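Coordinates from query.cif are shown below (mmCIF, C-alpha atoms and all ligand atoms).
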data_start
loop_
_atom_site.group_PDB
_atom_site.id
_atom_site.type_symbol
_atom_site.label_atom_id
_atom_site.label_comp_id
_atom_site.auth_asym_id
_atom_site.auth_seq_id
_atom_site.Cartn_x
_atom_site.Cartn_y
_atom_site.Cartn_z
ATOM 1 C CA ALA A 1 39.554 109.083 98.850
ATOM 2 C CA SER A 2 40.568 112.732 98.712
ATOM 3 C CA ASP A 3 36.885 113.694 98.692
ATOM 4 C CA LEU A 4 36.540 111.788 101.915
ATOM 5 C CA ARG A 5 39.555 113.455 103.468
ATOM 6 C CA GLU A 6 37.819 116.702 102.671
ATOM 7 C CA ALA A 7 34.580 115.406 104.179
ATOM 8 C CA LEU A 8 36.320 114.441 107.392
ATOM 9 C CA ARG A 9 37.687 117.952 107.700
ATOM 10 C CA ASN A 10 34.480 119.755 106.841
ATOM 11 C CA ASP A 11 31.753 117.989 108.760
ATOM 12 C CA GLY A 12 30.851 115.963 105.667
ATOM 13 C CA LEU A 13 30.727 112.814 107.740
ATOM 14 C CA ALA A 14 27.974 112.244 110.243
ATOM 15 C CA LEU A 15 26.747 109.537 112.535
ATOM 16 C CA VAL A 16 23.141 108.472 112.670
ATOM 17 C CA TYR A 17 21.800 106.364 115.487
ATOM 18 C CA GLN A 18 19.503 103.356 115.438
ATOM 19 C CA PRO A 19 17.948 102.450 118.772
ATOM 20 C CA ILE A 20 18.244 98.930 120.135
ATOM 21 C CA PHE A 21 15.364 97.591 122.227
ATOM 22 C CA ASP A 22 15.114 95.132 125.059
ATOM 23 C CA ALA A 23 12.842 92.512 123.512
ATOM 24 C CA MET A 24 11.098 91.824 126.815
ATOM 25 C CA THR A 25 10.522 95.313 128.233
ATOM 26 C CA ARG A 26 10.587 97.163 124.884
ATOM 27 C CA GLU A 27 12.752 99.820 126.438
ATOM 28 C CA ILE A 28 15.619 101.410 124.548
ATOM 29 C CA VAL A 29 18.771 99.869 125.974
ATOM 30 C CA GLY A 30 21.300 101.021 123.436
ATOM 31 C CA VAL A 31 22.051 102.696 120.153
ATOM 32 C CA GLU A 32 24.090 101.653 117.119
ATOM 33 C CA ALA A 33 26.121 104.453 115.558
ATOM 34 C CA LEU A 34 26.089 104.278 111.762
ATOM 35 C CA LEU A 35 28.271 106.343 109.464
ATOM 36 C CA ARG A 36 26.882 108.533 106.671
ATOM 37 C CA TRP A 37 28.743 110.632 104.158
ATOM 38 C CA HIS A 38 26.912 113.700 102.898
ATOM 39 C CA ARG A 39 28.415 114.300 99.486
ATOM 40 C CA GLY A 40 27.382 117.415 97.662
ATOM 41 C CA ASN A 41 23.755 118.479 97.879
ATOM 42 C CA ASP A 42 21.394 115.792 98.961
ATOM 43 C CA GLU A 43 23.422 112.696 98.415
ATOM 44 C CA GLN A 44 23.861 110.381 101.395
ATOM 45 C CA ILE A 45 26.322 107.548 101.065
ATOM 46 C CA GLY A 46 26.413 104.563 103.381
ATOM 47 C CA PRO A 47 29.600 103.016 104.754
ATOM 48 C CA GLU A 48 29.331 99.853 102.647
ATOM 49 C CA GLU A 49 30.130 102.041 99.622
ATOM 50 C CA PHE A 50 33.030 104.102 100.883
ATOM 51 C CA ILE A 51 34.715 102.113 103.650
ATOM 52 C CA PRO A 52 36.113 99.521 101.197
ATOM 53 C CA VAL A 53 37.552 102.394 99.120
ATOM 54 C CA ILE A 54 39.488 103.865 102.019
ATOM 55 C CA GLU A 55 40.506 100.611 103.695
ATOM 56 C CA SER A 56 43.701 100.551 101.645
ATOM 57 C CA THR A 57 44.618 104.068 102.782
ATOM 58 C CA GLU A 58 45.667 105.721 106.020
ATOM 59 C CA LEU A 59 42.323 107.484 106.018
ATOM 60 C CA ILE A 60 40.609 104.439 107.492
ATOM 61 C CA HIS A 61 42.303 105.190 110.809
ATOM 62 C CA ASP A 62 41.169 108.792 110.819
ATOM 63 C CA VAL A 63 37.617 107.843 109.993
ATOM 64 C CA GLY A 64 37.635 104.966 112.470
ATOM 65 C CA SER A 65 39.027 107.172 115.230
ATOM 66 C CA TRP A 66 36.534 109.888 114.462
ATOM 67 C CA VAL A 67 33.621 107.427 114.764
ATOM 68 C CA ILE A 68 34.799 106.204 118.161
ATOM 69 C CA ASP A 69 35.387 109.732 119.465
ATOM 70 C CA GLU A 70 32.028 110.953 118.242
ATOM 71 C CA ALA A 71 30.154 107.900 119.546
ATOM 72 C CA CYS A 72 31.733 108.149 123.020
ATOM 73 C CA HIS A 73 31.128 111.873 123.132
ATOM 74 C CA ILE A 74 27.438 111.692 122.260
ATOM 75 C CA CYS A 75 26.843 108.739 124.566
ATOM 76 C CA LYS A 76 28.358 110.663 127.452
ATOM 77 C CA GLN A 77 25.974 113.525 126.693
ATOM 78 C CA TRP A 78 23.010 111.148 126.871
ATOM 79 C CA HIS A 79 24.300 109.742 130.139
ATOM 80 C CA ASP A 80 24.636 113.238 131.550
ATOM 81 C CA ALA A 81 21.090 113.990 130.442
ATOM 82 C CA GLY A 82 19.847 111.167 132.663
ATOM 83 C CA TYR A 83 19.970 108.127 130.379
ATOM 84 C CA ASP A 84 22.957 106.832 132.239
ATOM 85 C CA SER A 85 22.734 103.161 131.331
ATOM 86 C CA LEU A 86 22.348 103.679 127.582
ATOM 87 C CA LEU A 87 24.784 101.567 125.552
ATOM 88 C CA ILE A 88 26.564 102.796 122.447
ATOM 89 C CA SER A 89 27.694 100.491 119.688
ATOM 90 C CA ALA A 90 30.199 101.275 116.915
ATOM 91 C CA ASN A 91 31.344 99.240 113.906
ATOM 92 C CA ILE A 92 35.002 98.319 113.508
ATOM 93 C CA SER A 93 36.593 97.479 110.153
ATOM 94 C CA ALA A 94 39.103 94.717 109.451
ATOM 95 C CA ILE A 95 41.999 97.116 109.057
ATOM 96 C CA GLU A 96 41.335 98.809 112.367
ATOM 97 C CA LEU A 97 41.137 95.540 114.218
ATOM 98 C CA ASP A 98 44.495 94.661 112.809
ATOM 99 C CA GLN A 99 46.293 97.583 114.438
ATOM 100 C CA SER A 100 47.420 98.312 117.957
ATOM 101 C CA GLN A 101 46.253 101.901 117.390
ATOM 102 C CA LEU A 102 42.694 100.758 117.903
ATOM 103 C CA LEU A 103 43.251 99.788 121.514
ATOM 104 C CA ASN A 104 45.125 103.010 122.282
ATOM 105 C CA HIS A 105 42.499 105.062 120.626
ATOM 106 C CA VAL A 106 39.597 103.417 122.426
ATOM 107 C CA GLU A 107 41.370 103.908 125.747
ATOM 108 C CA CYS A 108 41.978 107.582 124.979
ATOM 109 C CA ALA A 109 38.408 108.201 123.860
ATOM 110 C CA LEU A 110 37.011 106.595 127.010
ATOM 111 C CA GLU A 111 39.334 108.592 129.196
ATOM 112 C CA GLU A 112 38.677 111.883 127.450
ATOM 113 C CA THR A 113 34.921 111.525 127.560
ATOM 114 C CA ASP A 114 34.900 109.866 130.987
ATOM 115 C CA LEU A 115 32.538 107.237 129.610
ATOM 116 C CA TYR A 116 32.136 104.002 131.548
ATOM 117 C CA PRO A 117 33.908 101.362 129.353
ATOM 118 C CA GLY A 118 31.123 98.815 129.841
ATOM 119 C CA THR A 119 28.736 101.035 127.886
ATOM 120 C CA LEU A 120 30.841 100.881 124.730
ATOM 121 C CA GLU A 121 30.233 97.976 122.370
ATOM 122 C CA LEU A 122 32.394 97.339 119.317
ATOM 123 C CA GLU A 123 30.830 95.424 116.431
ATOM 124 C CA ILE A 124 32.991 93.197 114.290
ATOM 125 C CA THR A 125 31.698 91.096 111.422
ATOM 126 C CA GLU A 126 32.230 87.370 111.355
ATOM 127 C CA SER A 127 34.289 87.431 108.183
ATOM 128 C CA VAL A 128 36.631 90.079 109.610
ATOM 129 C CA LEU A 129 37.322 87.969 112.672
ATOM 130 C CA MET A 130 38.300 85.065 110.487
ATOM 131 C CA GLN A 131 40.732 87.026 108.315
ATOM 132 C CA ASP A 132 43.468 87.151 110.887
ATOM 133 C CA ALA A 133 42.169 85.208 113.815
ATOM 134 C CA GLU A 134 45.320 85.381 115.928
ATOM 135 C CA ALA A 135 45.816 89.140 115.682
ATOM 136 C CA SER A 136 42.088 89.733 116.182
ATOM 137 C CA LEU A 137 42.083 87.565 119.275
ATOM 138 C CA LYS A 138 44.865 89.583 120.881
ATOM 139 C CA THR A 139 43.185 92.913 120.199
ATOM 140 C CA LEU A 140 39.820 91.680 121.422
ATOM 141 C CA GLN A 141 41.288 90.303 124.619
ATOM 142 C CA ALA A 142 42.986 93.620 125.308
ATOM 143 C CA LEU A 143 39.739 95.505 124.665
ATOM 144 C CA LYS A 144 37.916 93.104 126.933
ATOM 145 C CA GLU A 145 40.435 93.797 129.665
ATOM 146 C CA ILE A 146 39.644 97.494 129.648
ATOM 147 C CA GLY A 147 35.958 96.636 129.994
ATOM 148 C CA VAL A 148 34.669 97.214 126.460
ATOM 149 C CA LYS A 149 32.029 94.788 125.119
ATOM 150 C CA ILE A 150 32.426 92.905 121.851
ATOM 151 C CA ALA A 151 29.561 92.169 119.469
ATOM 152 C CA ILE A 152 29.779 89.862 116.511
ATOM 153 C CA ASP A 153 27.936 91.499 113.626
ATOM 154 C CA ASP A 154 26.002 89.968 110.703
ATOM 155 C CA PHE A 155 26.093 86.592 112.406
ATOM 156 C CA GLY A 156 24.885 83.691 110.320
ATOM 157 C CA THR A 157 26.072 84.988 106.963
ATOM 158 C CA ALA A 158 29.663 83.722 106.902
ATOM 159 C CA TYR A 159 31.189 80.734 108.634
ATOM 160 C CA SER A 160 29.304 80.833 111.927
ATOM 161 C CA SER A 161 32.051 78.666 113.305
ATOM 162 C CA LEU A 162 31.396 77.440 116.796
ATOM 163 C CA ASN A 163 35.102 77.219 117.359
ATOM 164 C CA TYR A 164 35.766 80.927 117.286
ATOM 165 C CA LEU A 165 32.629 81.669 119.280
ATOM 166 C CA LYS A 166 34.271 79.654 121.993
ATOM 167 C CA ARG A 167 37.723 81.197 121.561
ATOM 168 C CA PHE A 168 36.856 84.866 121.134
ATOM 169 C CA PRO A 169 35.682 86.974 124.065
ATOM 170 C CA ILE A 170 32.276 87.767 122.610
ATOM 171 C CA ASP A 171 29.481 89.400 124.606
ATOM 172 C CA ILE A 172 26.761 89.872 121.998
ATOM 173 C CA ILE A 173 25.682 87.982 118.881
ATOM 174 C CA LYS A 174 23.897 90.136 116.296
ATOM 175 C CA ILE A 175 21.779 87.920 114.066
ATOM 176 C CA ASP A 176 22.022 89.189 110.498
ATOM 177 C CA LYS A 177 19.052 91.142 109.208
ATOM 178 C CA SER A 178 18.557 88.818 106.235
ATOM 179 C CA ILE A 179 17.749 86.009 108.661
ATOM 180 C CA ALA A 180 15.494 87.782 111.146
ATOM 181 C CA ASN A 181 13.788 89.389 108.195
ATOM 182 C CA ASN A 182 12.670 86.040 106.804
ATOM 183 C CA VAL A 183 11.265 84.355 109.871
ATOM 184 C CA GLY A 184 7.686 84.891 108.743
ATOM 185 C CA GLN A 185 8.360 83.589 105.230
ATOM 186 C CA ASP A 186 10.408 80.464 105.569
ATOM 187 C CA LEU A 187 10.793 77.802 108.173
ATOM 188 C CA ASN A 188 14.565 77.564 107.762
ATOM 189 C CA SER A 189 15.130 81.150 108.834
ATOM 190 C CA ALA A 190 12.917 80.619 111.861
ATOM 191 C CA THR A 191 14.876 77.501 112.800
ATOM 192 C CA ILE A 192 18.190 79.299 112.346
ATOM 193 C CA VAL A 193 17.064 82.186 114.533
ATOM 194 C CA THR A 194 15.883 79.814 117.261
ATOM 195 C CA THR A 195 19.177 77.932 117.094
ATOM 196 C CA ILE A 196 21.339 81.064 117.280
ATOM 197 C CA ILE A 197 19.354 82.372 120.249
ATOM 198 C CA SER A 198 19.798 79.143 122.194
ATOM 199 C CA LEU A 199 23.456 78.991 121.173
ATOM 200 C CA ALA A 200 23.929 82.497 122.544
ATOM 201 C CA HIS A 201 22.163 81.645 125.762
ATOM 202 C CA ASN A 202 24.120 78.464 126.275
ATOM 203 C CA LEU A 203 27.305 80.463 125.882
ATOM 204 C CA GLY A 204 26.090 83.153 128.256
ATOM 205 C CA VAL A 205 26.051 85.691 125.432
ATOM 206 C CA THR A 206 23.398 88.314 124.629
ATOM 207 C CA SER A 207 21.329 87.637 121.477
ATOM 208 C CA LEU A 208 20.245 90.535 119.287
ATOM 209 C CA ALA A 209 18.114 90.373 116.139
ATOM 210 C CA GLU A 210 18.747 92.986 113.471
ATOM 211 C CA GLY A 211 16.436 94.044 110.671
ATOM 212 C CA VAL A 212 13.164 93.480 112.530
ATOM 213 C CA GLU A 213 10.566 94.991 110.231
ATOM 214 C CA SER A 214 7.213 93.517 111.237
ATOM 215 C CA LYS A 215 5.163 92.797 114.329
ATOM 216 C CA GLU A 216 5.069 89.091 113.377
ATOM 217 C CA GLN A 217 8.848 88.931 113.277
ATOM 218 C CA PHE A 218 9.083 90.640 116.617
ATOM 219 C CA ASP A 219 6.471 88.375 118.242
ATOM 220 C CA PHE A 220 8.432 85.362 117.100
ATOM 221 C CA LEU A 221 11.676 86.749 118.546
ATOM 222 C CA HIS A 222 9.918 87.596 121.764
ATOM 223 C CA ASP A 223 8.531 84.052 122.063
ATOM 224 C CA GLU A 224 11.966 82.623 121.390
ATOM 225 C CA LYS A 225 13.393 84.787 124.204
ATOM 226 C CA CYS A 226 15.708 86.849 122.039
ATOM 227 C CA ASP A 227 17.285 89.491 124.297
ATOM 228 C CA ARG A 228 17.347 92.534 122.063
ATOM 229 C CA ALA A 229 15.840 93.746 118.792
ATOM 230 C CA GLN A 230 16.715 96.427 116.280
ATOM 231 C CA GLY A 231 15.039 97.373 113.020
ATOM 232 C CA TYR A 232 12.631 99.524 111.056
ATOM 233 C CA LEU A 233 9.654 98.236 113.071
ATOM 234 C CA PHE A 234 10.969 100.336 115.941
ATOM 235 C CA SER A 235 13.028 102.994 114.234
ATOM 236 C CA LYS A 236 15.316 103.611 111.311
ATOM 237 C CA PRO A 237 18.688 105.242 112.022
ATOM 238 C CA ILE A 238 18.038 108.851 113.125
ATOM 239 C CA SER A 239 19.972 111.967 114.096
ATOM 240 C CA SER A 240 21.219 112.456 117.641
ATOM 241 C CA GLU A 241 18.560 115.145 118.168
ATOM 242 C CA ASP A 242 15.778 112.827 117.034
ATOM 243 C CA LEU A 243 17.141 110.064 119.202
ATOM 244 C CA PHE A 244 17.115 112.314 122.225
ATOM 245 C CA TYR A 245 13.544 113.300 121.419
ATOM 246 C CA LEU A 246 12.581 109.621 121.172
ATOM 247 C CA LEU A 247 14.136 108.901 124.580
ATOM 248 C CA GLU A 248 12.217 111.805 126.110
ATOM 249 C CA GLN A 249 8.943 110.653 124.540
ATOM 250 C CA LYS A 250 9.463 107.157 125.887
ATOM 251 C CA LYS A 251 10.190 108.528 129.339
ATOM 252 C CA THR A 252 7.097 110.686 129.524
ATOM 253 C CA GLY A 253 4.973 107.919 128.080
ATOM 254 C CA THR A 254 3.976 109.971 125.050
ATOM 255 C CA LEU A 255 5.014 106.960 123.050
ATOM 256 C CA ALA A 256 3.924 103.401 123.734
HETATM 257 O O1 LIG B 301 26.213 95.610 108.928
HETATM 258 P P1 LIG B 301 25.300 96.257 109.922
HETATM 259 O O2 LIG B 301 24.441 95.271 110.643
HETATM 260 O O3 LIG B 301 26.037 97.197 110.879
HETATM 261 O O4 LIG B 301 24.323 97.150 109.036
HETATM 262 C C1 LIG B 301 23.341 97.937 109.568
HETATM 263 C C2 LIG B 301 22.574 98.541 108.390
HETATM 264 O O5 LIG B 301 21.279 97.956 108.305
HETATM 265 C C3 LIG B 301 22.352 100.023 108.489
HETATM 266 O O6 LIG B 301 22.842 100.651 107.339
HETATM 267 C C4 LIG B 301 20.862 100.210 108.645
HETATM 268 O O7 LIG B 301 20.407 101.341 107.957
HETATM 269 C C5 LIG B 301 20.285 98.930 108.053
HETATM 270 N N1 LIG B 301 19.041 98.537 108.734
HETATM 271 C C6 LIG B 301 18.710 98.776 110.007
HETATM 272 N N2 LIG B 301 17.488 98.270 110.328
HETATM 273 C C7 LIG B 301 17.023 97.665 109.208
HETATM 274 C C8 LIG B 301 15.803 96.961 108.898
HETATM 275 O O8 LIG B 301 14.901 96.767 109.706
HETATM 276 N N3 LIG B 301 15.704 96.483 107.613
HETATM 277 C C9 LIG B 301 16.691 96.658 106.685
HETATM 278 N N4 LIG B 301 16.489 96.142 105.461
HETATM 279 N N5 LIG B 301 17.837 97.324 106.934
HETATM 280 C C10 LIG B 301 18.022 97.837 108.186
HETATM 281 MN MN MN B 302 26.562 96.768 112.861
#

Could I get this structure in the form of structure tokens?
Amino acid sequence: ASDLREALRNDGLALVYQPIFDAMTREIVGVEALLRWHRGNDEQIGPEEFIPVIESTELIHDVGSWVIDEACHICKQWHDAGYDSLLISANISAIELDQSQLLNHVECALEETDLYPGTLELEITESVLMQDAEASLKTLQALKEIGVKIAIDDFGTAYSSLNYLKRFPIDIIKIDKSIANNVGQDLNSATIVTTIISLAHNLGVTSLAEGVESKEQFDFLHDEKCDRAQGYLFSKPISSEDLFYLLEQKKTGTLA
């Protein structure tokens, strides 16, 4: 944890950005911010390895706040550069969701960067929502009131309870990559994807498939009217500079 404190102070933490595509128009509609820790020389550590380590410490708030600040800041830059409807999505941990600090911090970050609240999406995993449903509900409702969008992450891997889908103010369902990734291979995954998409649509919620790696998978999602897609088929997570370059290429038609 002390290594991480050091990293936070010395630019050892960085965000990379994975574009999210409109499945119909194939335009980039948003970007998910993903945390990376550059430890030592060439070592890159993903959040699944270090977030659990710091969740029991105060550091989780510093890291969480930093992610939101950085994500809002970069998104505002993209807006100012002309991509003014681009959405930015950031991941929220269980501990953060549990605290009133989160709401205050999100409000501050939006105000400081002058970012339109409706362009910020916060991703929360299913299992986190379930841990303390009452407290989570309050925080999410407050976030909703200030105009922020809520995405439920890794959907289909935990309880997938219809009850909380109804109770929580959710705007986007992100279908877990393990499911979308299997649609070509097994019929069950394909059926699950189809079901989640129609569930989302019946609830008036946006459906997003993660982990799209092949053209076949994408064609299936397209046929099933999935709203958005994200995955290696389009792009892996990239630096903010590379993302900007990608947006420019798309605009000028250099890239199909
Ligand atoms: O839990 P969450 O859905 O936020 O995790 C996103 C992670 O999935 C990132 O670390 C990202 O690098 C990874 N990822 C993104 N696209 C793909 C993909 O197409 N295939 C696989 N296997 N992983 C992906
Ligand atoms: Mn996510």

Within 12 Å of Glu6 (chain A) using all atoms listed in the file, minus same-chain residues under 5 positions, as a list in words: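 In the requested form, the answer reads Ala1, Asp11, Gly12, Leu13, Trp37, His38, Arg39, Gly40, Leu59, Asp62 and Val63 of chain A.
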
Counting only C-alpha atoms and all ligand atoms, the residue of A:Thr125, A:Thr113, A:Ser85, A:Asn163 that sits nearest ligand MN 302 (chain B): A:Thr125

Sort by chain and increasing residue number a table of all residues of chain A within 10 Å of ligand LIG 301 (chain B), each with its closest pair of atoms and their distance in Å to one decimal, counting all atoms listed in the file, and write it as JSON lines.
{"residue": "A:Val16", "atom": "CA", "partner": "B:LIG301", "partner_atom": "O7", "distance": 9.0}
{"residue": "A:Tyr17", "atom": "CA", "partner": "B:LIG301", "partner_atom": "O7", "distance": 9.2}
{"residue": "A:Gln18", "atom": "CA", "partner": "B:LIG301", "partner_atom": "C6", "distance": 7.1}
{"residue": "A:Pro19", "atom": "CA", "partner": "B:LIG301", "partner_atom": "N2", "distance": 9.4}
{"residue": "A:Ile20", "atom": "CA", "partner": "B:LIG301", "partner_atom": "N2", "distance": 9.9}
{"residue": "A:Glu32", "atom": "CA", "partner": "B:LIG301", "partner_atom": "O3", "distance": 7.9}
{"residue": "A:Ala33", "atom": "CA", "partner": "B:LIG301", "partner_atom": "O3", "distance": 8.6}
{"residue": "A:Leu34", "atom": "CA", "partner": "B:LIG301", "partner_atom": "C3", "distance": 6.5}
{"residue": "A:Leu35", "atom": "CA", "partner": "B:LIG301", "partner_atom": "O6", "distance": 8.1}
{"residue": "A:Arg36", "atom": "CA", "partner": "B:LIG301", "partner_atom": "O6", "distance": 8.9}
{"residue": "A:Ile45", "atom": "CA", "partner": "B:LIG301", "partner_atom": "O6", "distance": 10.0}
{"residue": "A:Gly46", "atom": "CA", "partner": "B:LIG301", "partner_atom": "O6", "distance": 6.6}
{"residue": "A:Pro47", "atom": "CA", "partner": "B:LIG301", "partner_atom": "O6", "distance": 7.6}
{"residue": "A:Glu48", "atom": "CA", "partner": "B:LIG301", "partner_atom": "O6", "distance": 8.0}
{"residue": "A:Ser89", "atom": "CA", "partner": "B:LIG301", "partner_atom": "O3", "distance": 9.5}
{"residue": "A:Ala90", "atom": "CA", "partner": "B:LIG301", "partner_atom": "O3", "distance": 8.4}
{"residue": "A:Asn91", "atom": "CA", "partner": "B:LIG301", "partner_atom": "O3", "distance": 6.4}
{"residue": "A:Ile92", "atom": "CA", "partner": "B:LIG301", "partner_atom": "O3", "distance": 9.4}
{"residue": "A:Glu123", "atom": "CA", "partner": "B:LIG301", "partner_atom": "O3", "distance": 7.5}
{"residue": "A:Ile124", "atom": "CA", "partner": "B:LIG301", "partner_atom": "O3", "distance": 8.7}
{"residue": "A:Thr125", "atom": "CA", "partner": "B:LIG301", "partner_atom": "O1", "distance": 7.5}
{"residue": "A:Ile152", "atom": "CA", "partner": "B:LIG301", "partner_atom": "O2", "distance": 9.6}
{"residue": "A:Asp153", "atom": "CA", "partner": "B:LIG301", "partner_atom": "O2", "distance": 5.9}
{"residue": "A:Asp154", "atom": "CA", "partner": "B:LIG301", "partner_atom": "O2", "distance": 5.5}
{"residue": "A:Phe155", "atom": "CA", "partner": "B:LIG301", "partner_atom": "O2", "distance": 9.0}
{"residue": "A:Lys174", "atom": "CA", "partner": "B:LIG301", "partner_atom": "O2", "distance": 7.7}
{"residue": "A:Ile175", "atom": "CA", "partner": "B:LIG301", "partner_atom": "O2", "distance": 8.5}
{"residue": "A:Asp176", "atom": "CA", "partner": "B:LIG301", "partner_atom": "O2", "distance": 6.5}
{"residue": "A:Lys177", "atom": "CA", "partner": "B:LIG301", "partner_atom": "N3", "distance": 6.5}
{"residue": "A:Ser178", "atom": "CA", "partner": "B:LIG301", "partner_atom": "N4", "distance": 7.6}
{"residue": "A:Ala180", "atom": "CA", "partner": "B:LIG301", "partner_atom": "O8", "distance": 9.1}
{"residue": "A:Asn181", "atom": "CA", "partner": "B:LIG301", "partner_atom": "N3", "distance": 7.4}
{"residue": "A:Ala209", "atom": "CA", "partner": "B:LIG301", "partner_atom": "O8", "distance": 9.6}
{"residue": "A:Glu210", "atom": "CA", "partner": "B:LIG301", "partner_atom": "N2", "distance": 6.3}
{"residue": "A:Gly211", "atom": "CA", "partner": "B:LIG301", "partner_atom": "O8", "distance": 3.3}
{"residue": "A:Val212", "atom": "CA", "partner": "B:LIG301", "partner_atom": "O8", "distance": 4.7}
{"residue": "A:Glu213", "atom": "CA", "partner": "B:LIG301", "partner_atom": "O8", "distance": 4.7}
{"residue": "A:Ser214", "atom": "CA", "partner": "B:LIG301", "partner_atom": "O8", "distance": 8.5}
{"residue": "A:Ala229", "atom": "CA", "partner": "B:LIG301", "partner_atom": "O8", "distance": 9.6}
{"residue": "A:Gln230", "atom": "CA", "partner": "B:LIG301", "partner_atom": "N2", "distance": 6.3}
{"residue": "A:Gly231", "atom": "CA", "partner": "B:LIG301", "partner_atom": "O8", "distance": 3.4}
{"residue": "A:Tyr232", "atom": "CA", "partner": "B:LIG301", "partner_atom": "O8", "distance": 3.8}
{"residue": "A:Leu233", "atom": "CA", "partner": "B:LIG301", "partner_atom": "O8", "distance": 6.4}
{"residue": "A:Phe234", "atom": "CA", "partner": "B:LIG301", "partner_atom": "O8", "distance": 8.2}
{"residue": "A:Ser235", "atom": "CA", "partner": "B:LIG301", "partner_atom": "N2", "distance": 7.6}
{"residue": "A:Lys236", "atom": "CA", "partner": "B:LIG301", "partner_atom": "N2", "distance": 5.8}
{"residue": "A:Pro237", "atom": "CA", "partner": "B:LIG301", "partner_atom": "O7", "distance": 5.9}
{"residue": "A:Ile238", "atom": "CA", "partner": "B:LIG301", "partner_atom": "O7", "distance": 9.4}

Selection near Ser2 (chain A), 12 Å with all atoms listed in the file, sequence-local residues under 5 positions removed, as a list in words: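 Here the answer would be Ala7, Leu8, Arg9, Phe50, Val53, Ile54, Thr57, Glu58 and Leu59 of chain A.
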
Test item: residues at most 7 Å from Leu137 (chain A), only C-alpha atoms, excluding those fewer than 4 positions along its chain, as a ChimeraX atom specification: /A:133,141,168

Please produce a file of those selected residues containing C-alpha atoms, as an mmCIF file, in the coordinates of the input.
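The resulting file, again_27.cif, is shown below:
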data_model
loop_
_atom_site.group_PDB
_atom_site.id
_atom_site.type_symbol
_atom_site.label_atom_id
_atom_site.label_comp_id
_atom_site.auth_asym_id
_atom_site.auth_seq_id
_atom_site.Cartn_x
_atom_site.Cartn_y
_atom_site.Cartn_z
ATOM 1 C CA ALA A 133 42.169 85.208 113.815
ATOM 2 C CA GLN A 141 41.288 90.303 124.619
ATOM 3 C CA PHE A 168 36.856 84.866 121.134
#

Using all atoms listed in the file, which residues sit within 10 Å of Ile197 (chain A) once same-chain residues fewer than 6 positions away are excluded, as a compact mmCIF listing (two decimals) with C-alpha atoms, keeping the file's coordinate frame?
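After the write, out.txt holds the following:
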# COMPACT_ATOMS: atom_id res chain seq x y z
CA ILE A 173 25.68 87.98 118.88
CA LYS A 174 23.90 90.14 116.30
CA ILE A 175 21.78 87.92 114.07
CA THR A 191 14.88 77.50 112.80
CA LEU A 203 27.30 80.46 125.88
CA VAL A 205 26.05 85.69 125.43
CA THR A 206 23.40 88.31 124.63
CA SER A 207 21.33 87.64 121.48
CA LEU A 208 20.24 90.54 119.29
CA ALA A 209 18.11 90.37 116.14
CA LEU A 221 11.68 86.75 118.55
CA GLU A 224 11.97 82.62 121.39
CA LYS A 225 13.39 84.79 124.20
CA CYS A 226 15.71 86.85 122.04
CA ASP A 227 17.28 89.49 124.30

Straight-line distance linking CA of Gln217 (chain A) with CA of Glu241 (chain A), stated in Å to one decimal: 28.4 Å

Closest of A:Val31, A:Leu199, A:Val148, A:Leu243 to ligand MN 302 (chain B) - atom-to-atom distances counting only C-alpha atoms and all ligand atoms: A:Val31

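The residue set within 9 Å of Tyr83 (chain A), counting all atoms listed in the file and dropping same-chain residues fewer than 5 places from it, reads Gln77, Trp78 and Leu247 of chain A.
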
Residues within 12 Å of (38.7, 87.8, 109.0), counting only C-alpha atoms, listed as a list of chain:residue names: A:Ser93, A:Ala94, A:Ile95, A:Glu96, A:Leu97, A:Asp98, A:Ile124, A:Thr125, A:Glu126, A:Ser127, A:Val128, A:Leu129, A:Met130, A:Gln131, A:Asp132, A:Ala133, A:Glu134, A:Ala135, A:Ser136, A:Leu137, A:Ile152, A:Ala158, A:Tyr159, A:Tyr164

Interatomic distance, CA of Glu112 (chain A) to CA of Leu140 (chain A) (Å, one decimal): 21.1 Å

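Reported to one decimal place, the separation of CA of Lys166 (chain A) from CA of Ala142 (chain A) is 16.8 Å.
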
Which of A:Glu70, A:Glu121, A:Glu55, A:Asp114 sits closest to ligand MN 302 (chain B) [using only C-alpha atoms and all ligand atoms]: A:Glu121

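Here the question is which of A:Leu122, A:Ala81, A:Ala200, A:Leu143 gets nearest to ligand MN 302 (chain B) using only C-alpha atoms and all ligand atoms, and that residue is A:Leu122.
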
Evaluate the PyMOL selection byres (((chain A and resi 117) around 6) and not hetatm) and report residues as a PyMOL selection string: chain A and resi 116+118-120+147-148

Selected residue, from A:Val183, A:Gly82, A:Ile150, A:Leu103, that lies nearest to ligand MN 302 (chain B) when counting all atoms listed in the file: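 Going through A:Val183, A:Gly82, A:Ile150, A:Leu103 one by one, the smallest distance to ligand MN 302 (chain B) is for A:Ile150.
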
Closest of A:Leu187, A:Thr254, A:Gly204, A:Ile88 to ligand MN 302 (chain B) - atom-to-atom distances counting all atoms listed in the file: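 Among the listed residues, the smallest separation from ligand MN 302 (chain B) belongs to A:Ile88.
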